[in-house]
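Have a look at my_file22.tsv; it's TSV, C-alpha atoms:
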chain	number	residue	atom	x	y	z
A	77	GLY	CA	0.00	0.00	0.00
A	78	ASP	CA	3.03	2.32	-0.27
A	79	ARG	CA	2.60	5.58	-2.18
A	80	SER	CA	5.60	4.87	-4.40
A	81	ALA	CA	4.81	2.66	-7.43
A	82	LYS	CA	8.44	1.48	-7.49
A	83	VAL	CA	8.23	0.24	-3.88
A	84	ARG	CA	4.94	-1.59	-4.59
A	85	GLN	CA	6.50	-3.23	-7.64
A	86	GLN	CA	9.62	-4.32	-5.75
A	87	SER	CA	7.49	-5.70	-2.89
A	88	ALA	CA	5.52	-7.88	-5.33
A	89	ASP	CA	8.75	-8.99	-7.05
A	90	LEU	CA	10.20	-9.94	-3.63
A	91	ILE	CA	7.18	-12.16	-2.92
A	92	THR	CA	7.77	-13.87	-6.28
A	93	ARG	CA	11.41	-14.57	-5.32
A	94	ILE	CA	10.86	-15.79	-1.73
A	95	ALA	CA	7.66	-17.86	-2.21
A	96	VAL	CA	9.56	-21.15	-2.62
A	97	VAL	CA	11.73	-20.45	0.46
A	98	MET	CA	8.66	-19.56	2.54
A	99	LYS	CA	7.10	-22.88	1.54
A	100	GLN	CA	10.23	-24.69	2.76
A	101	CYS	CA	9.92	-22.79	6.07
A	102	ASN	CA	6.27	-23.95	6.45
A	103	GLU	CA	4.97	-20.38	6.28
A	104	GLU	CA	1.85	-21.23	4.26
A	105	GLY	CA	-0.37	-19.13	6.53
A	106	LEU	CA	1.74	-16.03	5.89
A	107	MET	CA	1.69	-16.72	2.12
A	108	GLY	CA	-2.10	-16.99	2.28
A	109	ARG	CA	-2.26	-13.52	3.87
A	110	LEU	CA	0.13	-12.15	1.22
A	111	GLY	CA	-2.12	-13.69	-1.46
A	112	ILE	CA	-5.07	-11.70	-0.09
A	113	VAL	CA	-3.00	-8.49	-0.01
A	114	LEU	CA	-1.96	-8.99	-3.66
A	115	TYR	CA	-5.54	-9.85	-4.64
A	116	GLU	CA	-6.78	-6.61	-3.07
A	117	ASN	CA	-4.26	-4.70	-5.18
A	118	LEU	CA	-5.40	-6.09	-8.56
A	119	SER	CA	-6.94	-2.68	-9.29
A	120	GLU	CA	-3.39	-1.23	-9.50
A	121	GLU	CA	-3.21	1.57	-12.09
A	122	TYR	CA	0.46	1.22	-13.10
A	123	PRO	CA	0.91	-1.71	-15.52
A	124	GLU	CA	4.50	-2.50	-14.44
A	125	VAL	CA	3.32	-2.83	-10.84
A	126	LEU	CA	0.23	-4.83	-11.85
A	127	GLY	CA	2.43	-7.24	-13.81
A	128	SER	CA	4.57	-7.81	-10.71
A	129	ILE	CA	1.46	-8.33	-8.53
A	130	LEU	CA	0.24	-11.02	-10.97
A	131	GLY	CA	3.71	-12.60	-10.86
A	132	GLY	CA	3.52	-12.69	-7.06
A	133	LEU	CA	0.08	-14.34	-7.16
A	134	LYS	CA	1.38	-16.89	-9.67
A	135	ALA	CA	4.32	-17.74	-7.39
A	136	ILE	CA	2.01	-18.22	-4.38
A	137	VAL	CA	-0.42	-20.40	-6.37
A	138	ASN	CA	2.52	-22.52	-7.53
A	139	VAL	CA	3.79	-23.30	-4.06
A	140	ILE	CA	0.66	-23.59	-1.88
A	141	GLY	CA	-1.62	-25.19	-4.48
A	142	MET	CA	-5.20	-24.59	-5.59
A	143	THR	CA	-7.07	-25.95	-2.57
A	144	LYS	CA	-5.18	-23.88	0.03
A	145	MET	CA	-5.04	-20.71	-2.05
A	146	THR	CA	-6.48	-17.57	-0.47
A	147	PRO	CA	-8.45	-15.92	-1.95
A	148	PRO	CA	-10.25	-19.02	-3.31
A	149	ILE	CA	-9.71	-19.73	-7.03
A	150	ARG	CA	-13.44	-19.23	-7.74
A	151	ASP	CA	-13.03	-15.60	-6.54
A	152	LEU	CA	-9.61	-15.00	-8.09
A	153	LEU	CA	-10.30	-16.07	-11.69
A	154	PRO	CA	-13.23	-13.67	-12.39
A	155	ARG	CA	-10.92	-10.80	-11.35
A	156	LEU	CA	-8.27	-11.94	-13.84
A	157	THR	CA	-10.46	-12.06	-16.96
A	158	PRO	CA	-10.85	-8.25	-17.32
A	159	ILE	CA	-7.09	-7.83	-16.76
A	160	MET	CA	-6.39	-9.99	-19.85
A	161	LYS	CA	-7.65	-7.07	-21.95
A	162	ASN	CA	-4.80	-4.89	-20.63
A	163	ARG	CA	-2.44	-4.13	-23.54
A	164	HIS	CA	0.77	-4.06	-21.47
A	165	GLU	CA	2.93	-7.10	-22.34
A	166	LYS	CA	4.12	-7.85	-18.80
A	167	VAL	CA	0.54	-7.78	-17.51
A	168	GLN	CA	-0.74	-9.97	-20.36
A	169	GLU	CA	2.02	-12.58	-20.01
A	170	ASN	CA	1.75	-12.96	-16.22
A	171	CYS	CA	-2.05	-12.92	-16.32
A	172	ILE	CA	-2.27	-15.66	-18.98
A	173	ASP	CA	0.38	-17.74	-17.19
A	174	LEU	CA	-1.71	-17.54	-14.02
A	175	VAL	CA	-4.97	-18.40	-15.83
A	176	GLY	CA	-3.20	-21.29	-17.58
A	177	ARG	CA	-1.87	-22.59	-14.25
A	178	ILE	CA	-5.40	-22.55	-12.80
A	179	ALA	CA	-6.80	-24.28	-15.91
A	180	ASP	CA	-4.07	-26.93	-15.64
A	181	ARG	CA	-4.20	-27.65	-11.89
A	182	GLY	CA	-7.58	-26.50	-10.62
A	183	PRO	CA	-10.19	-26.37	-13.42
A	184	GLU	CA	-12.89	-27.86	-11.16
A	185	PHE	CA	-13.04	-24.64	-9.09
A	186	VAL	CA	-14.56	-22.76	-12.05
A	187	SER	CA	-17.68	-23.51	-14.11
A	188	ALA	CA	-17.45	-24.68	-17.74
A	189	ARG	CA	-19.37	-21.55	-18.81
A	190	GLU	CA	-16.70	-19.32	-17.25
A	191	TRP	CA	-13.94	-21.26	-19.03
A	192	MET	CA	-15.72	-20.78	-22.37
A	193	ARG	CA	-15.95	-17.05	-21.69
A	194	ILE	CA	-12.20	-17.03	-21.07
A	195	CYS	CA	-11.66	-18.87	-24.40
A	196	PHE	CA	-13.35	-16.01	-26.28
A	197	ASP	CA	-11.16	-13.47	-24.42
A	198	LEU	CA	-8.04	-15.48	-25.27
A	199	LEU	CA	-8.70	-15.26	-29.03
A	200	ASP	CA	-7.66	-11.58	-29.04
A	201	LEU	CA	-4.34	-12.47	-27.45
A	202	LEU	CA	-3.36	-14.66	-30.40
A	203	ASN	CA	-2.54	-11.32	-32.08
A	204	ALA	CA	-0.01	-10.33	-29.40
A	205	HIS	CA	3.38	-9.10	-30.64
A	206	LYS	CA	5.36	-11.02	-28.01
A	207	LYS	CA	5.87	-14.70	-28.79
A	208	GLY	CA	5.77	-15.67	-25.10
A	209	ILE	CA	2.22	-14.29	-24.79
A	210	ARG	CA	1.05	-16.19	-27.87
A	211	ARG	CA	2.68	-19.41	-26.62
A	212	ALA	CA	1.08	-19.06	-23.16
A	213	THR	CA	-2.31	-18.39	-24.80
A	214	VAL	CA	-2.08	-21.45	-27.04
A	215	ASN	CA	-1.09	-23.68	-24.09
A	216	THR	CA	-4.01	-22.33	-22.05
A	217	PHE	CA	-6.42	-23.41	-24.80
A	218	GLY	CA	-5.03	-26.93	-24.37
A	219	TYR	CA	-5.54	-26.87	-20.59
A	220	ILE	CA	-9.11	-25.57	-20.93
A	221	ALA	CA	-9.94	-28.21	-23.56
A	222	LYS	CA	-8.63	-30.90	-21.21
A	223	ALA	CA	-10.74	-29.47	-18.38
A	224	ILE	CA	-14.13	-29.03	-20.09
A	225	GLY	CA	-13.80	-31.27	-23.17
A	226	PRO	CA	-12.52	-30.32	-26.61
A	227	HIS	CA	-15.76	-29.76	-28.54
A	228	ASP	CA	-16.74	-26.24	-27.46
A	229	VAL	CA	-13.14	-25.04	-27.46
A	230	LEU	CA	-12.58	-26.55	-30.91
A	231	ALA	CA	-15.71	-24.90	-32.31
A	232	THR	CA	-14.40	-21.52	-31.12
A	233	LEU	CA	-10.98	-22.12	-32.69
A	234	LEU	CA	-12.33	-23.42	-36.02
A	235	ASN	CA	-14.50	-20.34	-36.31
A	236	ASN	CA	-11.37	-18.22	-35.80
A	237	LEU	CA	-9.79	-19.66	-38.98
A	238	ARG	CA	-12.04	-17.29	-40.93
A	239	VAL	CA	-10.32	-14.11	-39.71
A	240	GLN	CA	-8.18	-12.11	-42.16
A	241	GLU	CA	-5.17	-11.59	-39.87
A	242	ARG	CA	-2.55	-14.23	-40.77
A	243	GLN	CA	-0.69	-14.40	-37.43
A	244	ASN	CA	-4.00	-14.94	-35.65
A	245	ARG	CA	-4.84	-17.85	-37.97
A	246	VAL	CA	-1.40	-19.46	-37.55
A	247	CYS	CA	-1.65	-19.30	-33.75
A	248	THR	CA	-5.16	-20.74	-33.99
A	249	THR	CA	-3.85	-23.72	-35.96
A	250	VAL	CA	-1.20	-24.34	-33.28
A	251	ALA	CA	-3.91	-24.16	-30.61
A	252	ILE	CA	-6.04	-26.72	-32.51
A	253	ALA	CA	-3.02	-29.04	-32.73
A	254	ILE	CA	-2.38	-28.70	-28.98
A	255	VAL	CA	-6.04	-29.51	-28.26
A	256	ALA	CA	-5.61	-32.63	-30.45
A	257	GLU	CA	-2.44	-33.60	-28.58
A	258	THR	CA	-4.04	-32.99	-25.16
A	259	CYS	CA	-7.44	-34.63	-25.74
A	260	GLY	CA	-6.52	-37.17	-28.44
A	261	PRO	CA	-6.52	-36.68	-32.24
A	262	PHE	CA	-9.79	-38.62	-32.60
A	263	THR	CA	-11.61	-35.80	-30.75
A	264	VAL	CA	-10.44	-33.18	-33.25
A	265	LEU	CA	-9.94	-34.87	-36.62
A	266	PRO	CA	-13.61	-35.35	-37.66
A	267	ALA	CA	-14.46	-31.67	-37.09
A	268	LEU	CA	-11.21	-30.58	-38.75
A	269	MET	CA	-11.84	-32.68	-41.87
A	270	ASN	CA	-15.43	-31.49	-42.05
A	271	GLU	CA	-14.20	-27.88	-41.90
A	272	TYR	CA	-11.98	-28.53	-44.95
A	273	ARG	CA	-15.15	-28.82	-47.02
A	274	VAL	CA	-15.79	-25.08	-46.53
A	275	PRO	CA	-14.94	-23.51	-49.93
A	276	GLU	CA	-12.77	-20.77	-48.44
A	277	MET	CA	-9.00	-20.62	-48.99
A	278	ASN	CA	-8.06	-19.35	-45.52
A	279	VAL	CA	-10.12	-22.03	-43.78
A	280	GLN	CA	-8.74	-24.88	-45.92
A	281	ASN	CA	-5.17	-23.66	-45.48
A	282	GLY	CA	-5.80	-23.38	-41.74
A	283	VAL	CA	-7.06	-26.97	-41.61
A	284	LEU	CA	-3.96	-28.22	-43.46
A	285	LYS	CA	-1.69	-26.18	-41.16
A	286	SER	CA	-3.47	-27.63	-38.12
A	287	LEU	CA	-2.95	-31.15	-39.47
A	288	SER	CA	0.73	-30.40	-40.05
A	289	PHE	CA	1.24	-29.22	-36.45
A	290	MET	CA	-0.92	-32.04	-35.11
A	291	PHE	CA	1.09	-34.80	-36.81
A	292	GLU	CA	4.30	-33.09	-35.70
A	293	TYR	CA	3.12	-33.13	-32.06
A	294	ILE	CA	1.55	-36.60	-31.91
A	295	SER	CA	4.43	-38.33	-33.77
A	296	GLU	CA	3.88	-42.13	-33.94
A	297	MET	CA	0.23	-41.81	-32.83
A	298	GLY	CA	-0.39	-40.60	-36.38
A	299	LYS	CA	-0.23	-44.19	-37.66
A	300	ASP	CA	-3.90	-44.68	-36.76
A	301	TYR	CA	-5.03	-41.75	-38.91
A	302	ILE	CA	-3.10	-42.25	-42.16
A	303	TYR	CA	-6.01	-43.77	-44.11
A	304	ALA	CA	-8.46	-41.22	-42.68
A	305	VAL	CA	-6.56	-38.18	-43.98
A	306	THR	CA	-5.27	-39.64	-47.30
A	307	PRO	CA	-8.26	-38.50	-49.46
A	308	LEU	CA	-8.02	-34.99	-48.01
A	309	LEU	CA	-4.29	-34.82	-48.74
A	310	GLU	CA	-4.83	-36.13	-52.28
A	311	ASP	CA	-7.29	-33.31	-52.89
A	312	ALA	CA	-4.94	-30.69	-51.41
A	313	LEU	CA	-1.93	-31.89	-53.44
A	314	CYS	CA	-3.95	-31.50	-56.67
A	315	ASP	CA	-5.09	-27.97	-55.79
A	316	ARG	CA	-4.18	-25.06	-58.06
A	317	ASP	CA	-3.03	-22.95	-55.11
A	318	LEU	CA	0.70	-23.12	-54.41
A	319	VAL	CA	0.36	-22.65	-50.63
A	320	HIS	CA	-2.24	-25.42	-50.54
A	321	ARG	CA	0.11	-27.92	-52.14
A	322	GLN	CA	3.04	-26.75	-50.02
A	323	THR	CA	1.13	-27.14	-46.74
A	324	ALA	CA	-0.19	-30.55	-47.78
A	325	ALA	CA	3.41	-31.63	-48.45
A	326	SER	CA	4.32	-30.40	-44.96
A	327	VAL	CA	1.51	-32.56	-43.49
A	328	LEU	CA	2.92	-35.56	-45.38
A	329	LYS	CA	6.41	-34.82	-44.10
A	330	HIS	CA	5.38	-34.78	-40.43
A	331	LEU	CA	3.11	-37.80	-40.87
A	332	SER	CA	5.94	-39.76	-42.54
A	333	LEU	CA	8.56	-38.76	-39.97
A	334	GLY	CA	6.25	-39.77	-37.13
A	335	VAL	CA	5.74	-43.31	-38.42
A	336	SER	CA	9.07	-43.81	-40.21
A	337	TYR	CA	10.49	-46.37	-37.77
A	338	LEU	CA	7.25	-48.41	-37.55
A	339	SER	CA	6.83	-51.46	-39.72
Let me see whether you can do it: turn the structure in this file into structure tokens.
Amino acid sequence: GDRSAKVRQQSADLITRIAVVMKQCNEEGLMGRLGIVLYENLSEEYPEVLGSILGGLKAIVNVIGMTKMTPPIRDLLPRLTPIMKNRHEKVQENCIDLVGRIADRGPEFVSAREWMRICFDLLDLLNAHKKGIRRATVNTFGYIAKAIGPHDVLATLLNNLRVQERQNRVCTTVAIAIVAETCGPFTVLPALMNEYRVPEMNVQNGVLKSLSFMFEYISEMGKDYIYAVTPLLEDALCDRDLVHRQTAASVLKHLSLGVSYLS
């Protein structure tokens, strides 16, 4: 609560550094109280300070776990969703890391409807300039899909393949591949192949890019899906569009490399 923004920022950074040591000293009660203090300061106006506060909360969540966290996760997460709209990179990165950690370790504390709302907010962050923010966003999609099932998350991502912004589409394809890796390719592939039938170049290229990333991530698991995707790849390799044929060749490369040592 100090008047100086620099002092507030350094205090939050100190909590981030000493959280692990405090855990080793069995000071979980004190960390719980610090968690409440940081939570009460989430309305901080200076973005550098707010980023450090989120970093402190993330460190506390990491060491004391979801069940012992104060404030409770069901109160903390709704306060984080508006902060994701903050355009400051430090705030965005720490906020998404914290949301991703909750989605990974304590999804049951939040309703499926709230997670879907967060998915829609995350779509905007696929446009972020910083690669770390985009990577954290994509991973969070995977955690949420694992928590509430892939179908609603996948529908949101497939719809995002229609946007004009290329970087957004590429990040969306990576997110789809991570959902496939997390929940199993069989949960994603039917919807992905059905989407390829949409007569729109961006969508079809997005589907092929998703397949390329998916087969890269799942490696030898791809052996079960070779015959399923062969007609789609045949169609793509005969397409007049250069990028279409190139991406289809990339899918073939990752599929082949994944199963190369199998009989």
Inset, instruction - Excluding A:Gly176 and any residue of its chain fewer than 2 positions from it, enumerate the residues within 10 Å of it, using all atoms listed in the file, and give them as a list in words. - result: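 The contact residues come out as Asn170, Cys171, Ile172, Asp173, Leu174, Ile178, Ala179, Asp180, Arg181, Gly182, Pro183, Ala212, Thr213, Val214, Asn215, Thr216, Phe217, Gly218, Tyr219 and Ile220 of chain A.
Each of A:Phe262, A:Ile140, A:Ser295, A:Asn281 was compared to A:Leu313 using all atoms listed in the file, and A:Asn281 turns out to be the nearest.
The interatomic distance for the pair atom CA of A:Glu271 and atom CA of A:Val283 works out to 7.2 Å.
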At a cut-off of 12 Å around the point (2.2, -34.9, -50.5) (file coordinates), what residues fall inside when counting only C-alpha atoms? I'd like the answer as an mmCIF file with C-alpha atoms, keeping the file's coordinate frame.
data_model
loop_
_atom_site.group_PDB
_atom_site.id
_atom_site.type_symbol
_atom_site.label_atom_id
_atom_site.label_comp_id
_atom_site.auth_asym_id
_atom_site.auth_seq_id
_atom_site.Cartn_x
_atom_site.Cartn_y
_atom_site.Cartn_z
ATOM 1 C CA LEU A 284 -3.960 -28.220 -43.460
ATOM 2 C CA SER A 288 0.730 -30.400 -40.050
ATOM 3 C CA VAL A 305 -6.560 -38.180 -43.980
ATOM 4 C CA THR A 306 -5.270 -39.640 -47.300
ATOM 5 C CA PRO A 307 -8.260 -38.500 -49.460
ATOM 6 C CA LEU A 308 -8.020 -34.990 -48.010
ATOM 7 C CA LEU A 309 -4.290 -34.820 -48.740
ATOM 8 C CA GLU A 310 -4.830 -36.130 -52.280
ATOM 9 C CA ASP A 311 -7.290 -33.310 -52.890
ATOM 10 C CA ALA A 312 -4.940 -30.690 -51.410
ATOM 11 C CA LEU A 313 -1.930 -31.890 -53.440
ATOM 12 C CA CYS A 314 -3.950 -31.500 -56.670
ATOM 13 C CA ASP A 315 -5.090 -27.970 -55.790
ATOM 14 C CA HIS A 320 -2.240 -25.420 -50.540
ATOM 15 C CA ARG A 321 0.110 -27.920 -52.140
ATOM 16 C CA GLN A 322 3.040 -26.750 -50.020
ATOM 17 C CA THR A 323 1.130 -27.140 -46.740
ATOM 18 C CA ALA A 324 -0.190 -30.550 -47.780
ATOM 19 C CA ALA A 325 3.410 -31.630 -48.450
ATOM 20 C CA SER A 326 4.320 -30.400 -44.960
ATOM 21 C CA VAL A 327 1.510 -32.560 -43.490
ATOM 22 C CA LEU A 328 2.920 -35.560 -45.380
ATOM 23 C CA LYS A 329 6.410 -34.820 -44.100
ATOM 24 C CA HIS A 330 5.380 -34.780 -40.430
ATOM 25 C CA LEU A 331 3.110 -37.800 -40.870
ATOM 26 C CA SER A 332 5.940 -39.760 -42.540
#
Inset, instruction - Between atom CA of A:Glu184 and atom CA of A:Ala223, measure the distance and give it in Å to one decimal. - result: 7.7 Å
Legend entry - Close residues, stretch 189-195 of chain A itself excluded, 7 Å, only C-alpha atoms, min 2 positions apart in chain, as number ranges by chain: A: 157, 186-187, 197-199, 217, 220
Inset, instruction - Rank nothing, just name the residue among A:Arg245, A:Leu318, A:Leu201, A:Ala251 nearest to A:Gly282, using only C-alpha atoms. - result: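 Of A:Arg245, A:Leu318, A:Leu201, A:Ala251, the one nearest A:Gly282 is A:Arg245, counting only C-alpha atoms.
Summary of the local environment: counting only C-alpha atoms, residues at most 12 Å from A:Val83, other than itself and those fewer than 6 positions away along its chain, are A:Gly77, A:Asp89, A:Leu90, A:Glu124, A:Val125, A:Ser128, A:Ile129.
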Residue selection dump (C-alpha atoms) as a PDB file, keeping the file's coordinate frame:
ATOM      1  CA  GLY A  77       0.000   0.000   0.000  1.00  0.00           C
ATOM      2  CA  ASP A  89       8.750  -8.990  -7.050  1.00  0.00           C
ATOM      3  CA  LEU A  90      10.200  -9.940  -3.630  1.00  0.00           C
ATOM      4  CA  GLU A 124       4.500  -2.500 -14.440  1.00  0.00           C
ATOM      5  CA  VAL A 125       3.320  -2.830 -10.840  1.00  0.00           C
ATOM      6  CA  SER A 128       4.570  -7.810 -10.710  1.00  0.00           C
ATOM      7  CA  ILE A 129       1.460  -8.330  -8.530  1.00  0.00           C
TER       8      ILE A 129
END
